Amino acid sequence: MIRIFANAMARFLFEEGVLHDEDADALAFGYANVLEDDAKRTVQVDNPKSKLQALCDGFADFLNSLGQLTPDKEDRIAICFAKAVKLARTKF
């Protein structure tokens with residue numbers, strides 16, 4: 001699941017012109033930090049669904065922090081997510 005979320009994020013940011021070679025590391029670390037913060041707030045040991053919730057929250061929070069989570073971009077985000085799922089499916 002983490003790979004799907006990461007690939008969807010990278011694809012979307014690249015297609016939107018936000019992700020470039022020179023800032024890839026900074027964006028990756030920023031995304032990882034947001035995911036970690038959301039996981040600390042959300043994940044509960046006795047609730048396995050909370051891990052998925054943390055991934056979803058982190059995905060949305062990071063896009064929001066970049067000003068990329070807007071109604072006009074929802075379809076493009078969904079398409080990038082679908083492509084990431086399809087890519088993951090071909091690897092198994």
# chains A, B, ... in the order shown; residues from 1 in each chain; ligands from 1
call {"tool": "residues_around", "arguments": {"residues": "stretch 58-65 of chain A", "least_positions_apart": "6", "cutoff": "8 Å", "atoms": "only C-alpha atoms", "output": "ChimeraX atom specification"}}
result
/A:5,9,30-31,34-35,38-39
call {"tool": "write_last_selection", "arguments": {"atoms": "N, CA and C atoms", "output": "mmCIF file, in the first residue's frame"}}
result
data_model
loop_
_atom_site.group_PDB
_atom_site.id
_atom_site.type_symbol
_atom_site.label_atom_id
_atom_site.label_comp_id
_atom_site.auth_asym_id
_atom_site.auth_seq_id
_atom_site.Cartn_x
_atom_site.Cartn_y
_atom_site.Cartn_z
ATOM 1 N N PHE A 5 0.698 4.497 -2.685
ATOM 2 C CA PHE A 5 0.544 5.901 -2.315
ATOM 3 C C PHE A 5 1.744 6.723 -2.775
ATOM 4 N N MET A 9 1.616 9.703 -5.578
ATOM 5 C CA MET A 9 2.068 11.052 -5.228
ATOM 6 C C MET A 9 3.122 11.535 -6.225
ATOM 7 N N GLY A 30 9.802 15.487 2.797
ATOM 8 C CA GLY A 30 8.619 16.199 3.283
ATOM 9 C C GLY A 30 7.411 15.290 3.373
ATOM 10 N N TYR A 31 7.223 14.484 2.342
ATOM 11 C CA TYR A 31 6.106 13.532 2.330
ATOM 12 C C TYR A 31 6.282 12.503 3.444
ATOM 13 N N VAL A 34 5.364 14.056 6.801
ATOM 14 C CA VAL A 34 3.913 14.201 6.968
ATOM 15 C C VAL A 34 3.287 12.839 7.280
ATOM 16 N N LEU A 35 3.717 11.802 6.553
ATOM 17 C CA LEU A 35 3.198 10.461 6.821
ATOM 18 C C LEU A 35 3.516 10.020 8.248
ATOM 19 N N ASP A 38 1.281 11.935 10.730
ATOM 20 C CA ASP A 38 -0.094 11.421 10.697
ATOM 21 C C ASP A 38 -0.177 10.032 11.311
ATOM 22 N N ALA A 39 0.830 9.209 11.091
ATOM 23 C CA ALA A 39 0.838 7.867 11.682
ATOM 24 C C ALA A 39 0.883 7.953 13.203
#
call {"tool": "atom_distance", "arguments": {"atom1": "atom CA of A:Val43", "atom2": "atom CA of A:Ala28"}}
result
21.1 Å
call {"tool": "residues_around", "arguments": {"residues": "stretch 16-25 of chain A", "least_positions_apart": "5", "cutoff": "10 Å", "atoms": "only C-alpha atoms", "output": "PyMOL selection string"}}
result
chain A and resi 9-11+30-31+66+68+73+76-77
call {"tool": "residues_around", "arguments": {"residues": "A:Ile4", "least_positions_apart": "2", "cutoff": "10 Å", "atoms": "only C-alpha atoms", "output": "ChimeraX atom specification"}}
result
/A:1-2,6-10,80-89
call {"tool": "decode", "arguments": {"residues": "stretch 5-35 of chain A", "atoms": "N, CA and C atoms", "output": "mmCIF file, in the first residue's frame"}}
result
data_model
loop_
_atom_site.group_PDB
_atom_site.id
_atom_site.type_symbol
_atom_site.label_atom_id
_atom_site.label_comp_id
_atom_site.auth_asym_id
_atom_site.auth_seq_id
_atom_site.Cartn_x
_atom_site.Cartn_y
_atom_site.Cartn_z
ATOM 1 N N PHE A 5 0.698 4.497 -2.685
ATOM 2 C CA PHE A 5 0.544 5.901 -2.315
ATOM 3 C C PHE A 5 1.744 6.723 -2.775
ATOM 4 N N ALA A 6 2.947 6.196 -2.605
ATOM 5 C CA ALA A 6 4.155 6.922 -3.002
ATOM 6 C C ALA A 6 4.209 7.116 -4.515
ATOM 7 N N ASN A 7 3.883 6.075 -5.278
ATOM 8 C CA ASN A 7 3.893 6.189 -6.737
ATOM 9 C C ASN A 7 2.828 7.153 -7.227
ATOM 10 N N ALA A 8 1.653 7.113 -6.607
ATOM 11 C CA ALA A 8 0.586 8.039 -7.002
ATOM 12 C C ALA A 8 1.005 9.482 -6.732
ATOM 13 N N MET A 9 1.616 9.703 -5.578
ATOM 14 C CA MET A 9 2.068 11.052 -5.228
ATOM 15 C C MET A 9 3.122 11.535 -6.225
ATOM 16 N N ALA A 10 4.115 10.709 -6.489
ATOM 17 C CA ALA A 10 5.192 11.098 -7.404
ATOM 18 C C ALA A 10 4.652 11.371 -8.804
ATOM 19 N N ARG A 11 3.798 10.505 -9.288
ATOM 20 C CA ARG A 11 3.240 10.682 -10.627
ATOM 21 C C ARG A 11 2.447 11.990 -10.714
ATOM 22 N N PHE A 12 1.604 12.226 -9.716
ATOM 23 C CA PHE A 12 0.782 13.432 -9.741
ATOM 24 C C PHE A 12 1.646 14.689 -9.689
ATOM 25 N N LEU A 13 2.594 14.724 -8.763
ATOM 26 C CA LEU A 13 3.435 15.913 -8.636
ATOM 27 C C LEU A 13 4.272 16.143 -9.890
ATOM 28 N N PHE A 14 4.728 15.056 -10.522
ATOM 29 C CA PHE A 14 5.476 15.190 -11.766
ATOM 30 C C PHE A 14 4.584 15.745 -12.875
ATOM 31 N N GLU A 15 3.395 15.174 -13.003
ATOM 32 C CA GLU A 15 2.487 15.626 -14.062
ATOM 33 C C GLU A 15 2.027 17.067 -13.861
ATOM 34 N N GLU A 16 1.993 17.512 -12.615
ATOM 35 C CA GLU A 16 1.592 18.895 -12.329
ATOM 36 C C GLU A 16 2.758 19.870 -12.436
ATOM 37 N N GLY A 17 3.960 19.355 -12.692
ATOM 38 C CA GLY A 17 5.126 20.212 -12.832
ATOM 39 C C GLY A 17 5.728 20.651 -11.504
ATOM 40 N N VAL A 18 5.371 19.951 -10.429
ATOM 41 C CA VAL A 18 5.892 20.286 -9.097
ATOM 42 C C VAL A 18 7.168 19.514 -8.800
ATOM 43 N N LEU A 19 7.241 18.287 -9.265
ATOM 44 C CA LEU A 19 8.377 17.411 -8.988
ATOM 45 C C LEU A 19 9.418 17.526 -10.094
ATOM 46 N N HIS A 20 10.635 17.902 -9.681
ATOM 47 C CA HIS A 20 11.779 18.014 -10.595
ATOM 48 C C HIS A 20 12.953 17.284 -9.967
ATOM 49 N N ASP A 21 13.938 16.943 -10.758
ATOM 50 C CA ASP A 21 15.123 16.241 -10.246
ATOM 51 C C ASP A 21 15.751 16.955 -9.055
ATOM 52 N N GLU A 22 15.857 18.277 -9.159
ATOM 53 C CA GLU A 22 16.572 19.016 -8.119
ATOM 54 C C GLU A 22 15.828 19.104 -6.785
ATOM 55 N N ASP A 23 14.523 18.883 -6.770
ATOM 56 C CA ASP A 23 13.789 18.961 -5.506
ATOM 57 C C ASP A 23 13.147 17.636 -5.101
ATOM 58 N N ALA A 24 13.496 16.571 -5.784
ATOM 59 C CA ALA A 24 12.887 15.268 -5.492
ATOM 60 C C ALA A 24 13.177 14.811 -4.065
ATOM 61 N N ASP A 25 14.416 14.971 -3.625
ATOM 62 C CA ASP A 25 14.773 14.555 -2.265
ATOM 63 C C ASP A 25 13.982 15.332 -1.219
ATOM 64 N N ALA A 26 13.912 16.634 -1.377
ATOM 65 C CA ALA A 26 13.201 17.473 -0.403
ATOM 66 C C ALA A 26 11.722 17.116 -0.355
ATOM 67 N N LEU A 27 11.117 16.884 -1.518
ATOM 68 C CA LEU A 27 9.705 16.499 -1.546
ATOM 69 C C LEU A 27 9.502 15.126 -0.914
ATOM 70 N N ALA A 28 10.397 14.193 -1.188
ATOM 71 C CA ALA A 28 10.275 12.849 -0.612
ATOM 72 C C ALA A 28 10.384 12.894 0.911
ATOM 73 N N PHE A 29 11.355 13.641 1.413
ATOM 74 C CA PHE A 29 11.499 13.763 2.864
ATOM 75 C C PHE A 29 10.306 14.487 3.482
ATOM 76 N N GLY A 30 9.802 15.487 2.797
ATOM 77 C CA GLY A 30 8.619 16.199 3.283
ATOM 78 C C GLY A 30 7.411 15.290 3.373
ATOM 79 N N TYR A 31 7.223 14.484 2.342
ATOM 80 C CA TYR A 31 6.106 13.532 2.330
ATOM 81 C C TYR A 31 6.282 12.503 3.444
ATOM 82 N N ALA A 32 7.484 12.003 3.605
ATOM 83 C CA ALA A 32 7.752 11.019 4.666
ATOM 84 C C ALA A 32 7.478 11.610 6.043
ATOM 85 N N ASN A 33 7.846 12.863 6.251
ATOM 86 C CA ASN A 33 7.602 13.503 7.542
ATOM 87 C C ASN A 33 6.114 13.680 7.816
ATOM 88 N N VAL A 34 5.364 14.056 6.801
ATOM 89 C CA VAL A 34 3.913 14.201 6.968
ATOM 90 C C VAL A 34 3.287 12.839 7.280
ATOM 91 N N LEU A 35 3.717 11.802 6.553
ATOM 92 C CA LEU A 35 3.198 10.461 6.821
ATOM 93 C C LEU A 35 3.516 10.020 8.248
#
